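Q: My file is coords39.txt. It has compact mmCIF, C-alpha atoms and all ligand atoms:
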```
# COMPACT_ATOMS: atom_id res chain seq x y z
CA MET A 1 -109.64 -98.77 79.63
CA SER A 2 -107.06 -98.06 82.27
CA PRO A 3 -106.58 -94.36 82.97
CA ARG A 4 -102.80 -94.80 82.69
CA SER A 5 -102.72 -96.00 79.13
CA ALA A 6 -103.40 -93.58 76.36
CA THR A 7 -105.03 -96.17 74.16
CA SER A 8 -106.30 -99.59 75.04
CA ASN A 9 -106.31 -101.29 71.65
CA SER A 10 -105.83 -100.55 68.02
CA ALA A 11 -109.45 -99.43 67.62
CA ALA A 12 -108.98 -96.77 70.29
CA SER A 13 -105.86 -95.55 68.55
CA ARG A 14 -107.93 -94.30 65.62
CA THR A 15 -108.89 -90.68 65.53
CA HIS A 16 -112.52 -91.47 66.27
CA PRO A 17 -113.86 -90.18 69.54
CA VAL A 18 -113.82 -92.79 72.25
CA ARG A 19 -115.54 -93.29 75.53
CA ILE A 20 -113.21 -93.63 78.44
CA GLU A 21 -113.87 -95.47 81.61
CA SER A 22 -111.95 -93.45 84.10
CA ARG A 23 -112.41 -95.42 87.29
CA ALA A 24 -112.29 -99.05 88.29
CA ASP A 25 -115.22 -98.60 90.69
CA GLY A 26 -117.82 -97.39 88.22
CA SER A 27 -117.15 -96.03 84.79
CA ILE A 28 -117.88 -92.45 83.88
CA ASP A 29 -118.95 -91.55 80.38
CA LEU A 30 -116.77 -88.63 79.48
CA GLY A 31 -118.40 -88.00 76.17
CA SER A 32 -115.85 -87.98 73.43
CA ILE A 33 -112.24 -87.44 74.32
CA GLU A 34 -110.14 -88.13 71.30
CA VAL A 35 -107.16 -90.37 71.90
CA ILE A 36 -104.19 -89.93 69.60
CA ARG A 37 -101.50 -92.43 68.83
CA VAL A 38 -99.59 -92.82 65.57
CA LEU A 39 -96.98 -95.40 66.64
CA ASP A 40 -97.76 -98.31 68.88
CA GLU A 41 -95.32 -99.63 71.46
CA GLN A 42 -93.43 -101.62 68.82
CA GLY A 43 -93.07 -98.58 66.58
CA ASP A 44 -95.63 -99.75 64.02
CA VAL A 45 -97.87 -97.11 62.46
CA VAL A 46 -101.40 -97.66 63.76
CA ASN A 47 -102.94 -94.46 62.45
CA ALA A 48 -101.56 -93.43 59.07
CA ASP A 49 -104.18 -90.64 58.77
CA LEU A 50 -102.54 -88.76 61.61
CA ASP A 51 -98.94 -89.45 60.60
CA PRO A 52 -97.41 -85.95 60.24
CA SER A 53 -95.46 -87.18 57.15
CA LEU A 54 -92.13 -85.66 58.07
CA SER A 55 -89.04 -85.70 55.91
CA ASP A 56 -86.25 -88.14 56.75
CA SER A 57 -84.01 -85.28 57.83
CA ASP A 58 -86.63 -83.94 60.25
CA LEU A 59 -87.22 -87.41 61.63
CA LEU A 60 -83.51 -87.72 62.31
CA ARG A 61 -83.39 -84.25 63.88
CA ILE A 62 -86.20 -85.29 66.22
CA TYR A 63 -84.44 -88.55 67.02
CA ARG A 64 -81.26 -86.68 67.87
CA GLY A 65 -83.23 -84.28 70.07
CA MET A 66 -84.62 -87.20 72.05
CA VAL A 67 -81.24 -88.93 72.39
CA ARG A 68 -79.64 -85.62 73.42
CA SER A 69 -82.24 -85.20 76.13
CA ARG A 70 -81.58 -88.70 77.46
CA ARG A 71 -77.78 -88.46 77.32
CA LEU A 72 -77.76 -85.08 79.04
CA ASP A 73 -80.06 -86.41 81.77
CA LEU A 74 -77.83 -89.41 82.40
CA ARG A 75 -74.68 -87.33 82.45
CA MET A 76 -76.22 -84.80 84.82
CA LEU A 77 -77.27 -87.59 87.16
CA ALA A 78 -73.69 -88.90 87.26
CA MET A 79 -72.39 -85.36 87.85
CA GLN A 80 -74.90 -84.82 90.65
CA ARG A 81 -73.89 -88.06 92.34
CA GLN A 82 -70.26 -86.94 92.15
CA GLY A 83 -71.05 -83.56 93.72
CA GLU A 84 -70.63 -81.56 90.54
CA MET A 85 -74.29 -80.73 89.89
CA GLY A 86 -77.11 -79.39 92.04
CA THR A 87 -80.53 -80.94 92.53
CA PHE A 88 -82.38 -81.34 89.25
CA ALA A 89 -85.46 -83.05 87.82
CA PRO A 90 -84.63 -85.72 85.22
CA GLY A 91 -86.89 -86.01 82.18
CA LEU A 92 -85.95 -89.63 81.53
CA GLY A 93 -88.74 -91.45 79.70
CA GLN A 94 -90.51 -88.23 78.71
CA GLU A 95 -88.38 -87.47 75.64
CA ALA A 96 -91.20 -87.93 73.12
CA THR A 97 -93.53 -85.69 75.13
CA GLN A 98 -90.81 -83.06 75.31
CA ILE A 99 -89.56 -82.96 71.74
CA GLY A 100 -93.05 -83.55 70.32
CA GLN A 101 -94.38 -80.38 71.92
CA VAL A 102 -91.61 -78.04 70.73
CA TYR A 103 -91.05 -79.47 67.25
CA PRO A 104 -94.18 -77.76 65.78
CA MET A 105 -93.34 -74.38 67.32
CA THR A 106 -91.65 -71.57 65.41
CA SER A 107 -88.93 -69.45 66.96
CA ARG A 108 -91.31 -66.50 67.29
CA ASP A 109 -93.70 -68.56 69.46
CA TRP A 110 -93.28 -68.45 73.21
CA TYR A 111 -92.43 -71.43 75.38
CA ALA A 112 -93.13 -71.55 79.13
CA PRO A 113 -91.83 -74.90 80.39
CA SER A 114 -91.83 -76.64 83.73
CA TYR A 115 -88.64 -77.58 85.56
CA ARG A 116 -88.64 -81.03 83.91
CA SER A 117 -88.04 -79.77 80.38
CA ILE A 118 -84.31 -79.86 79.75
CA GLY A 119 -84.57 -81.70 76.41
CA ALA A 120 -87.15 -79.24 75.10
CA GLN A 121 -85.09 -76.27 76.26
CA VAL A 122 -82.06 -77.54 74.34
CA TRP A 123 -84.30 -77.92 71.27
CA ARG A 124 -85.43 -74.31 71.72
CA GLY A 125 -81.84 -73.03 71.69
CA TRP A 126 -80.48 -73.21 75.22
CA SER A 127 -76.89 -74.46 75.22
CA MET A 128 -76.27 -77.53 77.32
CA ASP A 129 -73.43 -75.87 79.22
CA GLN A 130 -75.76 -73.03 80.20
CA LEU A 131 -78.33 -75.50 81.50
CA LEU A 132 -75.59 -77.23 83.48
CA LEU A 133 -74.72 -73.86 85.01
CA LEU A 134 -78.37 -73.26 85.79
CA TRP A 135 -78.81 -76.52 87.67
CA ALA A 136 -75.47 -76.09 89.42
CA GLY A 137 -76.86 -72.88 90.91
CA TYR A 138 -75.16 -70.15 88.85
CA PHE A 139 -77.50 -67.24 88.24
CA GLU A 140 -76.25 -66.67 84.70
CA GLY A 141 -77.62 -70.10 83.83
CA PHE A 142 -81.11 -68.64 84.07
CA GLY A 143 -80.53 -65.86 81.52
CA ILE A 144 -82.72 -66.43 78.48
CA PRO A 145 -80.42 -66.93 75.47
CA GLU A 146 -80.49 -64.24 72.79
CA GLY A 147 -83.27 -64.84 70.28
CA VAL A 148 -85.01 -67.54 72.33
CA ASN A 149 -88.62 -66.72 73.23
CA ASP A 150 -88.78 -68.76 76.39
CA LEU A 151 -89.85 -67.91 79.91
CA PRO A 152 -87.84 -69.05 82.91
CA PHE A 153 -89.44 -72.00 84.70
CA SER A 154 -90.68 -71.88 88.25
CA ILE A 155 -90.19 -74.47 90.96
CA VAL A 156 -93.52 -73.37 92.46
CA ILE A 157 -95.68 -75.81 90.55
CA GLY A 158 -98.16 -74.25 88.14
CA ALA A 159 -96.97 -70.72 88.90
CA HIS A 160 -95.74 -70.15 85.36
CA VAL A 161 -99.09 -71.09 83.79
CA PRO A 162 -100.95 -67.79 84.50
CA VAL A 163 -97.86 -65.90 83.32
CA ALA A 164 -97.88 -67.88 80.07
CA THR A 165 -101.61 -67.19 79.74
CA GLY A 166 -100.96 -63.48 80.20
CA VAL A 167 -98.33 -63.57 77.45
CA ALA A 168 -100.88 -65.27 75.18
CA MET A 169 -103.51 -62.64 76.01
CA GLY A 170 -100.94 -59.98 75.14
CA ILE A 171 -100.25 -61.64 71.80
CA ARG A 172 -103.96 -61.61 71.04
CA ASN A 173 -104.32 -57.96 72.05
CA ARG A 174 -101.52 -57.08 69.66
CA LYS A 175 -103.15 -59.14 66.91
CA ASP A 176 -99.90 -61.02 66.47
CA ASP A 177 -100.05 -64.58 65.15
CA GLY A 178 -97.63 -66.13 67.67
CA VAL A 179 -98.72 -68.78 70.15
CA VAL A 180 -97.63 -69.82 73.62
CA VAL A 181 -96.93 -73.42 74.58
CA THR A 182 -96.75 -74.19 78.28
CA ASN A 183 -96.29 -77.51 80.05
CA PHE A 184 -96.87 -78.67 83.60
CA GLY A 185 -97.39 -81.91 85.46
CA ASP A 186 -100.40 -83.87 86.64
CA GLY A 187 -99.73 -82.59 90.14
CA ALA A 188 -99.57 -78.98 88.97
CA SER A 189 -102.84 -79.48 87.13
CA SER A 190 -104.55 -79.63 90.55
CA GLN A 191 -103.36 -76.14 91.46
CA GLY A 192 -106.17 -73.58 91.49
CA ILE A 193 -104.11 -71.15 89.45
CA VAL A 194 -104.01 -73.63 86.56
CA ALA A 195 -107.82 -73.82 86.55
CA GLU A 196 -107.97 -70.03 86.58
CA SER A 197 -105.57 -69.92 83.66
CA PHE A 198 -107.76 -72.35 81.68
CA ASN A 199 -110.73 -70.11 82.29
CA PHE A 200 -108.99 -66.85 81.38
CA ALA A 201 -107.55 -68.39 78.25
CA ALA A 202 -110.92 -69.78 77.16
CA VAL A 203 -112.84 -66.57 77.83
CA TYR A 204 -110.28 -64.34 76.10
CA LYS A 205 -109.44 -66.81 73.32
CA ALA A 206 -105.78 -66.61 74.23
CA PRO A 207 -103.53 -68.46 71.77
CA ILE A 208 -102.07 -70.87 74.27
CA ILE A 209 -101.53 -74.63 74.26
CA PHE A 210 -101.66 -76.20 77.71
CA ILE A 211 -99.68 -79.43 77.78
CA VAL A 212 -100.23 -81.51 80.86
CA GLU A 213 -97.49 -84.09 81.17
CA SER A 214 -99.32 -86.81 83.01
CA ASN A 215 -96.36 -88.88 84.13
CA GLY A 216 -98.06 -90.97 86.79
CA TRP A 217 -96.62 -89.27 89.84
CA ALA A 218 -96.38 -85.95 91.65
CA ILE A 219 -93.33 -86.84 93.73
CA SER A 220 -94.77 -89.76 95.78
CA THR A 221 -98.46 -89.13 95.03
CA PRO A 222 -99.84 -91.33 92.25
CA ILE A 223 -102.29 -89.67 89.93
CA GLU A 224 -105.19 -91.81 91.16
CA LYS A 225 -104.78 -90.38 94.66
CA GLN A 226 -104.64 -86.86 93.45
CA CYS A 227 -107.21 -86.36 90.69
CA GLY A 228 -110.84 -87.44 91.04
CA ASN A 229 -110.79 -88.09 87.33
CA PRO A 230 -107.31 -89.02 86.14
CA VAL A 231 -108.22 -88.47 82.50
CA LEU A 232 -107.01 -84.90 82.57
CA ALA A 233 -108.08 -84.06 79.02
CA ALA A 234 -111.65 -84.34 80.30
CA ARG A 235 -111.16 -81.05 82.12
CA GLY A 236 -111.17 -79.25 78.81
CA VAL A 237 -114.90 -79.85 78.43
CA GLY A 238 -115.73 -77.94 81.62
CA PHE A 239 -113.62 -74.95 80.66
CA GLY A 240 -114.54 -74.78 77.02
CA LEU A 241 -111.12 -75.92 75.83
CA PRO A 242 -110.82 -78.37 72.98
CA ALA A 243 -108.74 -81.24 74.34
CA VAL A 244 -107.05 -84.45 73.26
CA ARG A 245 -105.36 -87.26 75.10
CA VAL A 246 -102.12 -88.40 73.48
CA ASP A 247 -99.78 -91.29 73.95
CA GLY A 248 -96.93 -89.14 75.24
CA ASN A 249 -94.34 -91.83 74.47
CA ASP A 250 -95.18 -91.64 70.77
CA VAL A 251 -93.34 -88.66 69.34
CA LEU A 252 -95.33 -88.69 66.10
CA GLY A 253 -98.59 -88.73 68.06
CA MET A 254 -97.34 -85.78 70.10
CA ILE A 255 -96.39 -83.89 66.95
CA ALA A 256 -99.79 -84.61 65.37
CA ALA A 257 -101.66 -83.41 68.47
CA CYS A 258 -99.49 -80.37 69.14
CA SER A 259 -99.45 -79.29 65.48
CA ARG A 260 -103.23 -79.36 65.47
CA ALA A 261 -103.41 -77.45 68.77
CA ILE A 262 -100.92 -74.84 67.55
CA ASP A 263 -102.76 -74.35 64.23
CA HIS A 264 -105.99 -73.91 66.17
CA ALA A 265 -104.51 -71.25 68.46
CA ARG A 266 -102.63 -69.48 65.65
CA SER A 267 -105.76 -69.12 63.57
CA GLY A 268 -107.48 -67.15 66.35
CA ARG A 269 -109.69 -69.94 67.70
CA GLY A 270 -108.24 -69.82 71.21
CA PRO A 271 -106.58 -72.24 73.60
CA TYR A 272 -106.17 -76.02 73.46
CA LEU A 273 -105.45 -78.68 76.07
CA VAL A 274 -103.17 -81.61 75.27
CA GLU A 275 -102.88 -84.38 77.84
CA ALA A 276 -99.69 -86.37 77.22
CA VAL A 277 -99.77 -89.73 78.97
CA THR A 278 -96.20 -90.66 79.80
CA TYR A 279 -94.15 -91.91 82.71
CA ARG A 280 -91.45 -90.46 84.92
CA MET A 281 -88.90 -93.27 84.63
CA SER A 282 -86.34 -91.77 86.96
CA LEU A 283 -86.33 -89.88 90.23
CA HIS A 284 -88.66 -86.98 90.93
CA THR A 285 -85.50 -85.02 91.57
CA THR A 286 -82.06 -86.13 92.63
CA ALA A 287 -83.24 -85.57 96.22
CA ASP A 288 -85.84 -88.33 95.84
CA ASP A 289 -85.82 -92.13 96.15
CA PRO A 290 -88.84 -93.56 94.33
CA LYS A 291 -88.09 -97.09 95.56
CA VAL A 292 -89.80 -96.21 98.84
CA TYR A 293 -93.16 -95.48 97.20
CA ARG A 294 -93.48 -97.32 93.89
CA LYS A 295 -93.01 -100.85 92.71
CA ASP A 296 -90.26 -102.00 90.36
CA GLU A 297 -92.84 -103.88 88.27
CA GLU A 298 -94.58 -100.62 87.45
CA VAL A 299 -91.32 -99.09 86.22
CA LYS A 300 -90.45 -102.25 84.25
CA ALA A 301 -93.81 -102.17 82.49
CA TRP A 302 -93.05 -98.65 81.29
CA GLU A 303 -89.51 -99.56 80.21
CA ALA A 304 -91.17 -101.63 77.52
CA LYS A 305 -92.85 -98.46 76.24
CA CYS A 306 -89.56 -96.54 75.90
CA PRO A 307 -90.19 -93.62 73.53
CA ILE A 308 -86.70 -93.72 72.05
CA ARG A 309 -86.68 -97.45 71.29
CA ARG A 310 -90.14 -97.20 69.77
CA PHE A 311 -89.03 -94.39 67.47
CA GLU A 312 -85.85 -96.29 66.56
CA ASN A 313 -87.97 -99.27 65.49
CA TYR A 314 -90.06 -97.01 63.31
CA LEU A 315 -87.02 -95.33 61.74
CA LYS A 316 -85.39 -98.70 61.09
CA ALA A 317 -88.52 -99.95 59.36
CA ARG A 318 -88.40 -96.82 57.18
CA ASP A 319 -84.70 -97.43 56.42
CA VAL A 320 -83.79 -94.10 57.95
CA LEU A 321 -81.73 -95.69 60.70
CA ASP A 322 -79.82 -98.90 61.34
CA ASP A 323 -77.90 -100.28 64.31
CA GLU A 324 -74.66 -98.78 63.09
CA ALA A 325 -76.23 -95.30 62.79
CA ILE A 326 -77.86 -95.64 66.22
CA ALA A 327 -74.47 -96.36 67.79
CA ARG A 328 -72.77 -93.55 65.84
CA ILE A 329 -75.40 -90.94 66.70
CA GLY A 330 -75.32 -92.01 70.34
CA GLU A 331 -71.55 -91.55 70.40
CA GLU A 332 -71.68 -88.18 68.60
CA ILE A 333 -74.21 -86.88 71.08
CA GLU A 334 -72.25 -88.23 74.02
CA GLN A 335 -69.29 -86.20 72.75
CA GLU A 336 -71.49 -83.07 72.52
CA VAL A 337 -72.57 -83.61 76.13
CA LEU A 338 -68.98 -84.12 77.29
CA ALA A 339 -67.90 -80.96 75.45
CA ALA A 340 -70.72 -79.07 77.21
CA ARG A 341 -69.46 -80.43 80.51
CA GLU A 342 -65.97 -79.10 79.73
CA THR A 343 -67.33 -75.62 78.92
CA PHE A 344 -69.42 -75.76 82.08
CA ARG A 345 -66.37 -76.69 84.15
CA LYS A 346 -64.49 -73.65 82.85
CA ARG A 347 -67.42 -71.34 83.62
CA ALA A 348 -68.43 -72.85 86.96
CA VAL A 349 -66.17 -70.92 89.30
CA PRO A 350 -67.78 -70.61 92.74
CA ARG A 351 -68.28 -67.03 93.93
CA PRO A 352 -69.26 -67.47 97.57
CA LYS A 353 -69.27 -63.74 98.30
CA GLU A 354 -72.16 -63.32 95.90
CA ILE A 355 -74.88 -65.01 97.91
CA PHE A 356 -76.25 -61.78 99.34
CA ASP A 357 -76.33 -60.07 95.95
CA PHE A 358 -79.11 -59.78 93.34
CA VAL A 359 -82.14 -60.17 95.60
CA TYR A 360 -82.46 -56.62 96.95
CA GLU A 361 -81.37 -53.44 95.27
CA GLN A 362 -80.79 -52.07 98.79
CA LEU A 363 -79.82 -54.82 101.20
CA PRO A 364 -81.97 -54.51 104.40
CA ALA A 365 -80.02 -53.62 107.55
CA ASP A 366 -80.33 -57.05 109.21
CA LEU A 367 -79.01 -58.77 106.08
CA GLN A 368 -76.17 -56.24 105.89
CA GLY A 369 -75.18 -57.42 109.36
CA GLN A 370 -75.35 -61.07 108.30
CA LYS A 371 -73.34 -60.32 105.18
CA ALA A 372 -70.57 -58.63 107.18
CA GLU A 373 -70.42 -61.61 109.55
CA TYR A 374 -70.37 -64.07 106.65
CA LEU A 375 -67.60 -62.19 104.82
CA GLU A 376 -65.59 -62.11 108.01
CA ARG A 377 -65.98 -65.89 108.32
CA LEU A 378 -64.90 -66.43 104.69
CA LYS A 379 -61.83 -64.31 105.39
CA ARG A 380 -60.94 -66.36 108.49
CA LYS A 381 -61.15 -69.50 106.34
CA SER A 382 -59.19 -67.84 103.51
CA VAL A 383 -62.04 -68.38 101.04
CA GLU A 384 -61.92 -66.03 98.07
C1 LIG B 401 -97.04 -74.75 95.02
C2 LIG B 401 -96.11 -75.91 95.30
N1 LIG B 401 -96.50 -76.90 96.13
C3 LIG B 401 -95.69 -77.94 96.35
C4 LIG B 401 -94.45 -77.99 95.78
C5 LIG B 401 -93.54 -79.17 96.03
N2 LIG B 401 -93.48 -79.95 94.80
C6 LIG B 401 -92.45 -79.83 93.95
S1 LIG B 401 -92.65 -80.76 92.59
C7 LIG B 401 -94.10 -81.39 93.15
C8 LIG B 401 -94.85 -82.42 92.35
C9 LIG B 401 -95.19 -81.94 91.02
O1 LIG B 401 -95.70 -83.00 90.28
P1 LIG B 401 -96.22 -82.81 88.81
O2 LIG B 401 -96.90 -81.51 88.69
O3 LIG B 401 -96.96 -84.03 88.46
O4 LIG B 401 -94.90 -82.68 87.95
P2 LIG B 401 -93.70 -83.71 87.78
O5 LIG B 401 -92.72 -83.36 88.88
O6 LIG B 401 -94.25 -85.07 87.92
O7 LIG B 401 -93.14 -83.43 86.44
C10 LIG B 401 -94.42 -80.84 94.37
C11 LIG B 401 -95.63 -81.18 95.14
C12 LIG B 401 -94.08 -76.92 94.94
N3 LIG B 401 -92.89 -76.90 94.33
N4 LIG B 401 -94.92 -75.91 94.71
MG MG B 402 -96.25 -85.71 87.53
```
So that I can check it, write out the structure of this file as structure tokens.
Ligand SMILES: Cc1ncc(C[n+]2csc(CCOP(=O)(O)OP(=O)(O)O)c2C)c(N)n1
Ligand SMILES: [Mg+2]
A:
Amino acid sequence: MSPRSATSNSAASRTHPVRIESRADGSIDLGSIEVIRVLDEQGDVVNADLDPSLSDSDLLRIYRGMVRSRRLDLRMLAMQRQGEMGTFAPGLGQEATQIGQVYPMTSRDWYAPSYRSIGAQVWRGWSMDQLLLLWAGYFEGFGIPEGVNDLPFSIVIGAHVPVATGVAMGIRNRKDDGVVVTNFGDGASSQGIVAESFNFAAVYKAPIIFIVESNGWAISTPIEKQCGNPVLAARGVGFGLPAVRVDGNDVLGMIAACSRAIDHARSGRGPYLVEAVTYRMSLHTTADDPKVYRKDEEVKAWEAKCPIRRFENYLKARDVLDDEAIARIGEEIEQEVLAARETFRKRAVPRPKEIFDFVYEQLPADLQGQKAEYLERLKRKSVE
């Protein structure tokens, strides 16, 4: 099967272990990497055994979480293009991967996300206006909301993964039953520190779930040019981590895989690796133009696998949703996003004098000189 598709046919979408051919130029037998998919690309159930059997109200909550993620992304992109938002990393197309990994967590569990996790952060309790502040460059945007057990993300790829592993080791030392969920990209998975984290977690049976969001690209580097074996779940075998490969555009598949991984870690059996195969539909960040390095046909092919449309089809077939409800929910969430933008606008008052603050307790002498010069310049320009 192709390394970029989570399942090649309905047989492979069963829970049975499958053999994966990972390269076009000579297949490698990876043993048995389980491939999980509950909904196919049309939204039909292809593996009822793994269906997490959620209530209608939870299904709708999940649907709203995915739509909220998408609407916030789109609004932020418009704001960025109009000069109202800083550089950010859209999660467009990865909504099922995002919501599917946080849905099975409890509030006492810890979440250590990457920078491309806005939808999941909102699910965890971050207000949208705070996240807008964060990406517009206001330091208060980074403050962890009261009662939310999340770590701040790092732009240095993979750098948060050893920290998350340390938190998990701490949980184990305290004999607590919490778990840590951390996510990172296919590119980050090649960082040495991520391999070290896998090893520490496996040796110390740290209750951590590593979610690698394999979205095809690390900026302009396609996964095939970056990983000798692009089936990233296969790495689990070498480190002693149980691992599964999931269709990351199937939110029920994600919930099935992550629930199992979380139960495993919570019951003291140690870490788990979940490879979510998805696709970065939008820009790497707003500073990027993917048209210069990838083909439109590739993007089009993934449009057909849209995680939101697939879930809508499923919910319609279950009579949980119809076209009228889809339009209404979309509009309600758009209003939530616009209200968040209004709150953000009230809070986003530039404070140019602040840029030398908060890094050093005692500003070094050379920076004191620069600060004085800068303040003088602001004064000349009458900037408050
Ligand atoms: C240590 C380090 N090296 C390089 C970069 C520049 N950089 C930022 S994002 C990125 C690609 C990350 O790709 P991936 O891990 O697949 O995550 P994605 O952005 O696709 O979600 C790179 C190389 C960085 N931030 N940190
Ligand atoms: Mg990537």
Q: For Leu151 of chain A, find every residue with an atom within 10 Å (counting all atoms listed in the file), except residues of its own chain fewer than 3 positions away, and show them as a list in words.
A: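 The contact residues come out as Trp110, Tyr111, Ala112, Pro113, Ser114, Phe142, Gly143, Ile144, Val148, Ser154, His160, Val163, Ala164, Val167 and Thr182 of chain A.
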Q: I'd like the contact shell of segment 247-257 of chain A - 7 Å cut-off, only C-alpha atoms, skipping same-chain residues fewer than 4 positions apart - returned as a list in words.
A: Ala6, Ile36, Arg37, Val38, Leu39, Leu50, Asp51, Pro52, Gln94, Ala96, Thr97, Gly100, Gln101, Tyr103, Pro104, Ala261, Ala276, Val277, Thr278, Cys306 and Pro307 of chain A
Q: With C-alpha atoms kept, could you save the residues just selected as a PDB file, in the frame of the given file?
A:
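Saved result, part-v5.pdb, follows:
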```pdb
ATOM      1  CA  ALA A   6    -103.400 -93.580  76.360  1.00  0.00           C
ATOM      2  CA  ILE A  36    -104.190 -89.930  69.600  1.00  0.00           C
ATOM      3  CA  ARG A  37    -101.500 -92.430  68.830  1.00  0.00           C
ATOM      4  CA  VAL A  38     -99.590 -92.820  65.570  1.00  0.00           C
ATOM      5  CA  LEU A  39     -96.980 -95.400  66.640  1.00  0.00           C
ATOM      6  CA  LEU A  50    -102.540 -88.760  61.610  1.00  0.00           C
ATOM      7  CA  ASP A  51     -98.940 -89.450  60.600  1.00  0.00           C
ATOM      8  CA  PRO A  52     -97.410 -85.950  60.240  1.00  0.00           C
ATOM      9  CA  GLN A  94     -90.510 -88.230  78.710  1.00  0.00           C
ATOM     10  CA  ALA A  96     -91.200 -87.930  73.120  1.00  0.00           C
ATOM     11  CA  THR A  97     -93.530 -85.690  75.130  1.00  0.00           C
ATOM     12  CA  GLY A 100     -93.050 -83.550  70.320  1.00  0.00           C
ATOM     13  CA  GLN A 101     -94.380 -80.380  71.920  1.00  0.00           C
ATOM     14  CA  TYR A 103     -91.050 -79.470  67.250  1.00  0.00           C
ATOM     15  CA  PRO A 104     -94.180 -77.760  65.780  1.00  0.00           C
ATOM     16  CA  ALA A 261    -103.410 -77.450  68.770  1.00  0.00           C
ATOM     17  CA  ALA A 276     -99.690 -86.370  77.220  1.00  0.00           C
ATOM     18  CA  VAL A 277     -99.770 -89.730  78.970  1.00  0.00           C
ATOM     19  CA  THR A 278     -96.200 -90.660  79.800  1.00  0.00           C
ATOM     20  CA  CYS A 306     -89.560 -96.540  75.900  1.00  0.00           C
ATOM     21  CA  PRO A 307     -90.190 -93.620  73.530  1.00  0.00           C
TER      22      PRO A 307
END
```
Q: Produce as a ChimeraX atom specification the set of residues near ligand LIG 401 (chain B), where near means within 10 Å with only C-alpha atoms and all ligand atoms considered.
A: /A:89-91,94,114-117,154-159,183-193,212-223,226,279-280,283-285
Q: With all atoms listed in the file counted, which protein, DNA or RNA residues have an atom no more than 10 Å from (-109.0, -83.2, 82.1) in the file frame? Please answer as an mmCIF file with C-alpha atoms, in the frame of the given file.
A:
```cif
data_model
loop_
_atom_site.group_PDB
_atom_site.id
_atom_site.type_symbol
_atom_site.label_atom_id
_atom_site.label_comp_id
_atom_site.auth_asym_id
_atom_site.auth_seq_id
_atom_site.Cartn_x
_atom_site.Cartn_y
_atom_site.Cartn_z
ATOM 1 C CA LEU A 30 -116.770 -88.630 79.480
ATOM 2 C CA ILE A 33 -112.240 -87.440 74.320
ATOM 3 C CA ASP A 186 -100.400 -83.870 86.640
ATOM 4 C CA SER A 189 -102.840 -79.480 87.130
ATOM 5 C CA VAL A 212 -100.230 -81.510 80.860
ATOM 6 C CA CYS A 227 -107.210 -86.360 90.690
ATOM 7 C CA ASN A 229 -110.790 -88.090 87.330
ATOM 8 C CA PRO A 230 -107.310 -89.020 86.140
ATOM 9 C CA VAL A 231 -108.220 -88.470 82.500
ATOM 10 C CA LEU A 232 -107.010 -84.900 82.570
ATOM 11 C CA ALA A 233 -108.080 -84.060 79.020
ATOM 12 C CA ALA A 234 -111.650 -84.340 80.300
ATOM 13 C CA ARG A 235 -111.160 -81.050 82.120
ATOM 14 C CA GLY A 236 -111.170 -79.250 78.810
ATOM 15 C CA VAL A 237 -114.900 -79.850 78.430
ATOM 16 C CA GLY A 238 -115.730 -77.940 81.620
ATOM 17 C CA PHE A 239 -113.620 -74.950 80.660
ATOM 18 C CA LEU A 241 -111.120 -75.920 75.830
ATOM 19 C CA ALA A 243 -108.740 -81.240 74.340
ATOM 20 C CA VAL A 244 -107.050 -84.450 73.260
ATOM 21 C CA ARG A 245 -105.360 -87.260 75.100
ATOM 22 C CA LEU A 273 -105.450 -78.680 76.070
ATOM 23 C CA VAL A 274 -103.170 -81.610 75.270
ATOM 24 C CA GLU A 275 -102.880 -84.380 77.840
#
```
Q: Suppose you want the space between atom CA of Asp44 of chain A and atom CA of Arg328 of chain A; what is it in Å?
A: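 Between atom CA of Asp44 of chain A and atom CA of Arg328 of chain A the gap is 23.8 Å.
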Q: I'd like the neighbourhood of Gln130 of chain A as a ChimeraX atom specification, where a residue qualifies if any of its atoms comes within 10 Å (using all atoms listed in the file), though same-chain residues fewer than 2 positions away should be ignored.
A: /A:122,126-128,132-136,138,140-145,340-341,343-344,347-348
Q: Could you jot down the atom CA of Leu338 of chain A to atom CA of Pro290 of chain A separation for me, Å, one decimal place?
A: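 Rounded to one decimal, the two atoms are 27.8 Å apart.
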